[in-house]
Amino acid sequence: MNFLEYKKYFFINVSALWSLIVIYSIIVYSKTDCPPPAPNDFISSCGFSESVTIALSIIILLWLFAFTVLEILIRKYLIEKKFPNFKLNLKIKIPKLIVAIYNVIFSIGFLSASFFFFVAIILLFIAMIMWIFNIFSL
């Protein structure tokens, strides 16, 4: 499949936009000043809420990729096989400047979404390994 064909899928566009929101939240949260935790506290409440927000954002990104795969499978194998004559051709005249800006934003968002996806998969794999070792060490 060609890279440019991915733009026609709804959930790819949503995941690209969502990854830009995740990057923005990481940048904003990295610039906030959190007071150090008290000596008897395990973690600062400020840092904990930011970490949970970023973790939930990345989990949402994993779900968006799952919905993207589902959308691709439905379009390729269900709609094209059951309804071969169903074509939705919308011809909308969009200025080239808007298309160029969209291409740049989509490319940055899609690459960052792919990066976050692979990081999340690696972290899930590490968490599973740690969980397995924790169960067998009991």
# chains A, B, ... in the order shown; residues from 1 in each chain; ligands from 1
call {"tool": "residues_around", "arguments": {"residues": "segment 95-105 of chain A", "least_positions_apart": "2", "cutoff": "10 Å", "atoms": "only C-alpha atoms", "output": "VMD selection string"}}
result
chain A and resid 4 7 13 16 to 17 20 92 to 93 107 to 110
call {"tool": "write_last_selection", "arguments": {"atoms": "N, CA and C atoms", "output": "JSON list (two decimals), in the first residue's frame"}}
result
[["chain", "number", "residue", "atom", "x", "y", "z"],
["A", 4, "LEU", "N", 0.71, 7.47, 0.54],
["A", 4, "LEU", "CA", -0.28, 8.52, 0.28],
["A", 4, "LEU", "C", -1.71, 8.00, 0.32],
["A", 7, "LYS", "N", -4.01, 8.48, 3.73],
["A", 7, "LYS", "CA", -4.72, 9.70, 4.08],
["A", 7, "LYS", "C", -6.22, 9.57, 3.92],
["A", 13, "ASN", "N", -6.14, 9.76, 10.09],
["A", 13, "ASN", "CA", -6.13, 11.21, 10.27],
["A", 13, "ASN", "C", -6.36, 11.59, 11.74],
["A", 16, "ALA", "N", -3.17, 10.84, 13.66],
["A", 16, "ALA", "CA", -2.13, 11.84, 13.37],
["A", 16, "ALA", "C", -2.41, 13.12, 14.15],
["A", 17, "LEU", "N", -3.67, 13.53, 14.19],
["A", 17, "LEU", "CA", -4.03, 14.72, 14.97],
["A", 17, "LEU", "C", -3.84, 14.47, 16.46],
["A", 20, "LEU", "N", -0.24, 14.74, 17.56],
["A", 20, "LEU", "CA", 0.19, 16.13, 17.71],
["A", 20, "LEU", "C", -0.29, 16.71, 19.04],
["A", 92, "ILE", "N", -13.92, 17.83, -4.65],
["A", 92, "ILE", "CA", -13.97, 19.11, -3.97],
["A", 92, "ILE", "C", -12.72, 19.88, -4.36],
["A", 93, "LYS", "N", -12.90, 21.09, -4.79],
["A", 93, "LYS", "CA", -11.77, 21.93, -5.17],
["A", 93, "LYS", "C", -11.19, 22.58, -3.92],
["A", 107, "SER", "N", 1.93, 14.39, 7.70],
["A", 107, "SER", "CA", 3.19, 13.64, 7.73],
["A", 107, "SER", "C", 3.83, 13.68, 9.10],
["A", 108, "ILE", "N", 3.88, 14.87, 9.70],
["A", 108, "ILE", "CA", 4.46, 14.98, 11.04],
["A", 108, "ILE", "C", 3.63, 14.18, 12.05],
["A", 109, "GLY", "N", 2.32, 14.31, 11.98],
["A", 109, "GLY", "CA", 1.45, 13.59, 12.90],
["A", 109, "GLY", "C", 1.52, 12.09, 12.72],
["A", 110, "PHE", "N", 1.56, 11.63, 11.47],
["A", 110, "PHE", "CA", 1.62, 10.19, 11.23],
["A", 110, "PHE", "C", 2.95, 9.61, 11.68]]
call {"tool": "atom_distance", "arguments": {"atom1": "atom CA of Ile54 of chain A", "atom2": "atom CA of Ile26 of chain A"}}
result
7.0 Å
call {"tool": "atom_distance", "arguments": {"atom1": "atom CA of Leu61 of chain A", "atom2": "atom CA of Ser25 of chain A"}}
result
13.7 Å
call {"tool": "residues_around", "arguments": {"residues": "Phe10 of chain A", "least_positions_apart": "2", "cutoff": "10 Å", "atoms": "only C-alpha atoms", "output": "list in words"}}
result
Tyr6, Lys7, Lys8, Ile12, Asn13, Val14, Ser15, Leu64, Phe67, Thr68, Glu71 and Ile72 of chain A
call {"tool": "closest_residue", "arguments": {"among": "A:Phe83, A:Trp131, A:Tyr77, A:Phe116", "to": "Trp18 of chain A", "atoms": "only C-alpha atoms"}}
result
A:Phe116
call {"tool": "select_by_dssp", "arguments": {"residues": "chain A", "states": "alpha helix (DSSP H)", "output": "ChimeraX atom specification"}}
result
/A:10-31,45-73,80-82,96-136
call {"tool": "write_last_selection", "arguments": {"atoms": "C-alpha atoms", "output": "short mmCIF file (atom, residue, chain, number, x, y, z; two decimals), in the first residue's frame"}}
result
data_model
loop_
_atom_site.label_atom_id
_atom_site.label_comp_id
_atom_site.auth_asym_id
_atom_site.auth_seq_id
_atom_site.Cartn_x
_atom_site.Cartn_y
_atom_site.Cartn_z
CA PHE A 10 -10.53 8.44 8.91
CA PHE A 11 -8.77 6.91 11.92
CA ILE A 12 -5.30 7.52 10.45
CA ASN A 13 -6.13 11.21 10.27
CA VAL A 14 -7.51 11.18 13.81
CA SER A 15 -4.43 9.36 15.14
CA ALA A 16 -2.13 11.84 13.37
CA LEU A 17 -4.03 14.72 14.97
CA TRP A 18 -4.08 12.99 18.35
CA SER A 19 -0.32 12.41 18.26
CA LEU A 20 0.19 16.13 17.71
CA ILE A 21 -1.98 16.75 20.78
CA VAL A 22 0.16 14.26 22.75
CA ILE A 23 3.34 16.04 21.65
CA TYR A 24 1.84 19.38 22.67
CA SER A 25 0.85 18.02 26.08
CA ILE A 26 4.32 16.58 26.63
CA ILE A 27 5.88 19.93 25.77
CA VAL A 28 3.48 21.82 28.04
CA TYR A 29 3.92 19.38 30.93
CA SER A 30 7.70 19.41 30.61
CA LYS A 31 7.69 23.18 31.12
CA SER A 45 0.74 14.86 42.85
CA CYS A 46 1.68 17.30 40.09
CA GLY A 47 4.00 14.87 38.30
CA PHE A 48 1.64 11.95 38.80
CA SER A 49 -1.31 13.64 37.08
CA GLU A 50 0.88 14.62 34.12
CA SER A 51 2.22 11.08 33.80
CA VAL A 52 -1.29 9.62 33.90
CA THR A 53 -2.46 12.09 31.26
CA ILE A 54 0.39 11.20 28.91
CA ALA A 55 -0.09 7.46 29.53
CA LEU A 56 -3.82 7.70 28.80
CA SER A 57 -3.09 9.69 25.64
CA ILE A 58 -0.75 6.98 24.39
CA ILE A 59 -3.30 4.27 25.25
CA ILE A 60 -5.89 6.20 23.24
CA LEU A 61 -3.37 6.29 20.38
CA LEU A 62 -3.07 2.48 20.56
CA TRP A 63 -6.86 2.19 20.29
CA LEU A 64 -6.87 4.56 17.33
CA PHE A 65 -4.36 2.33 15.55
CA ALA A 66 -6.53 -0.69 16.31
CA PHE A 67 -9.55 1.12 14.84
CA THR A 68 -7.44 2.04 11.81
CA VAL A 69 -6.59 -1.60 11.17
CA LEU A 70 -10.24 -2.48 11.59
CA GLU A 71 -11.29 0.28 9.17
CA ILE A 72 -8.75 -0.90 6.57
CA LEU A 73 -9.93 -4.49 6.88
CA GLU A 80 -14.92 -4.07 -1.82
CA LYS A 81 -15.92 -7.76 -1.87
CA LYS A 82 -19.62 -7.37 -1.10
CA LYS A 96 -3.04 24.00 -3.12
CA LEU A 97 -1.81 25.94 -0.09
CA ILE A 98 -4.31 24.18 2.18
CA VAL A 99 -3.39 20.80 0.67
CA ALA A 100 0.31 21.51 1.24
CA ILE A 101 -0.29 22.51 4.87
CA TYR A 102 -2.43 19.41 5.38
CA ASN A 103 0.30 17.20 3.87
CA VAL A 104 2.94 18.61 6.24
CA ILE A 105 0.70 18.31 9.31
CA PHE A 106 -0.39 14.79 8.34
CA SER A 107 3.19 13.64 7.73
CA ILE A 108 4.46 14.98 11.04
CA GLY A 109 1.45 13.59 12.90
CA PHE A 110 1.62 10.19 11.23
CA LEU A 111 5.34 9.80 11.87
CA SER A 112 4.99 10.82 15.51
CA ALA A 113 1.96 8.54 15.92
CA SER A 114 3.99 5.66 14.51
CA PHE A 115 6.84 6.48 16.90
CA PHE A 116 4.49 6.60 19.90
CA PHE A 117 2.87 3.36 18.76
CA PHE A 118 6.19 1.51 18.68
CA VAL A 119 7.25 2.98 22.02
CA ALA A 120 3.94 1.89 23.54
CA ILE A 121 4.31 -1.62 22.12
CA ILE A 122 7.84 -1.89 23.56
CA LEU A 123 6.64 -0.64 26.96
CA LEU A 124 3.74 -3.11 26.92
CA PHE A 125 6.15 -5.92 26.09
CA ILE A 126 8.47 -4.92 28.94
CA ALA A 127 5.50 -4.68 31.34
CA MET A 128 4.35 -8.17 30.33
CA ILE A 129 7.81 -9.59 30.91
CA MET A 130 8.01 -7.91 34.32
CA TRP A 131 4.55 -9.23 35.19
CA ILE A 132 5.49 -12.78 34.17
CA PHE A 133 8.69 -12.68 36.24
CA ASN A 134 6.74 -11.26 39.17
CA ILE A 135 4.18 -14.10 39.04
CA PHE A 136 6.81 -16.82 38.80
#
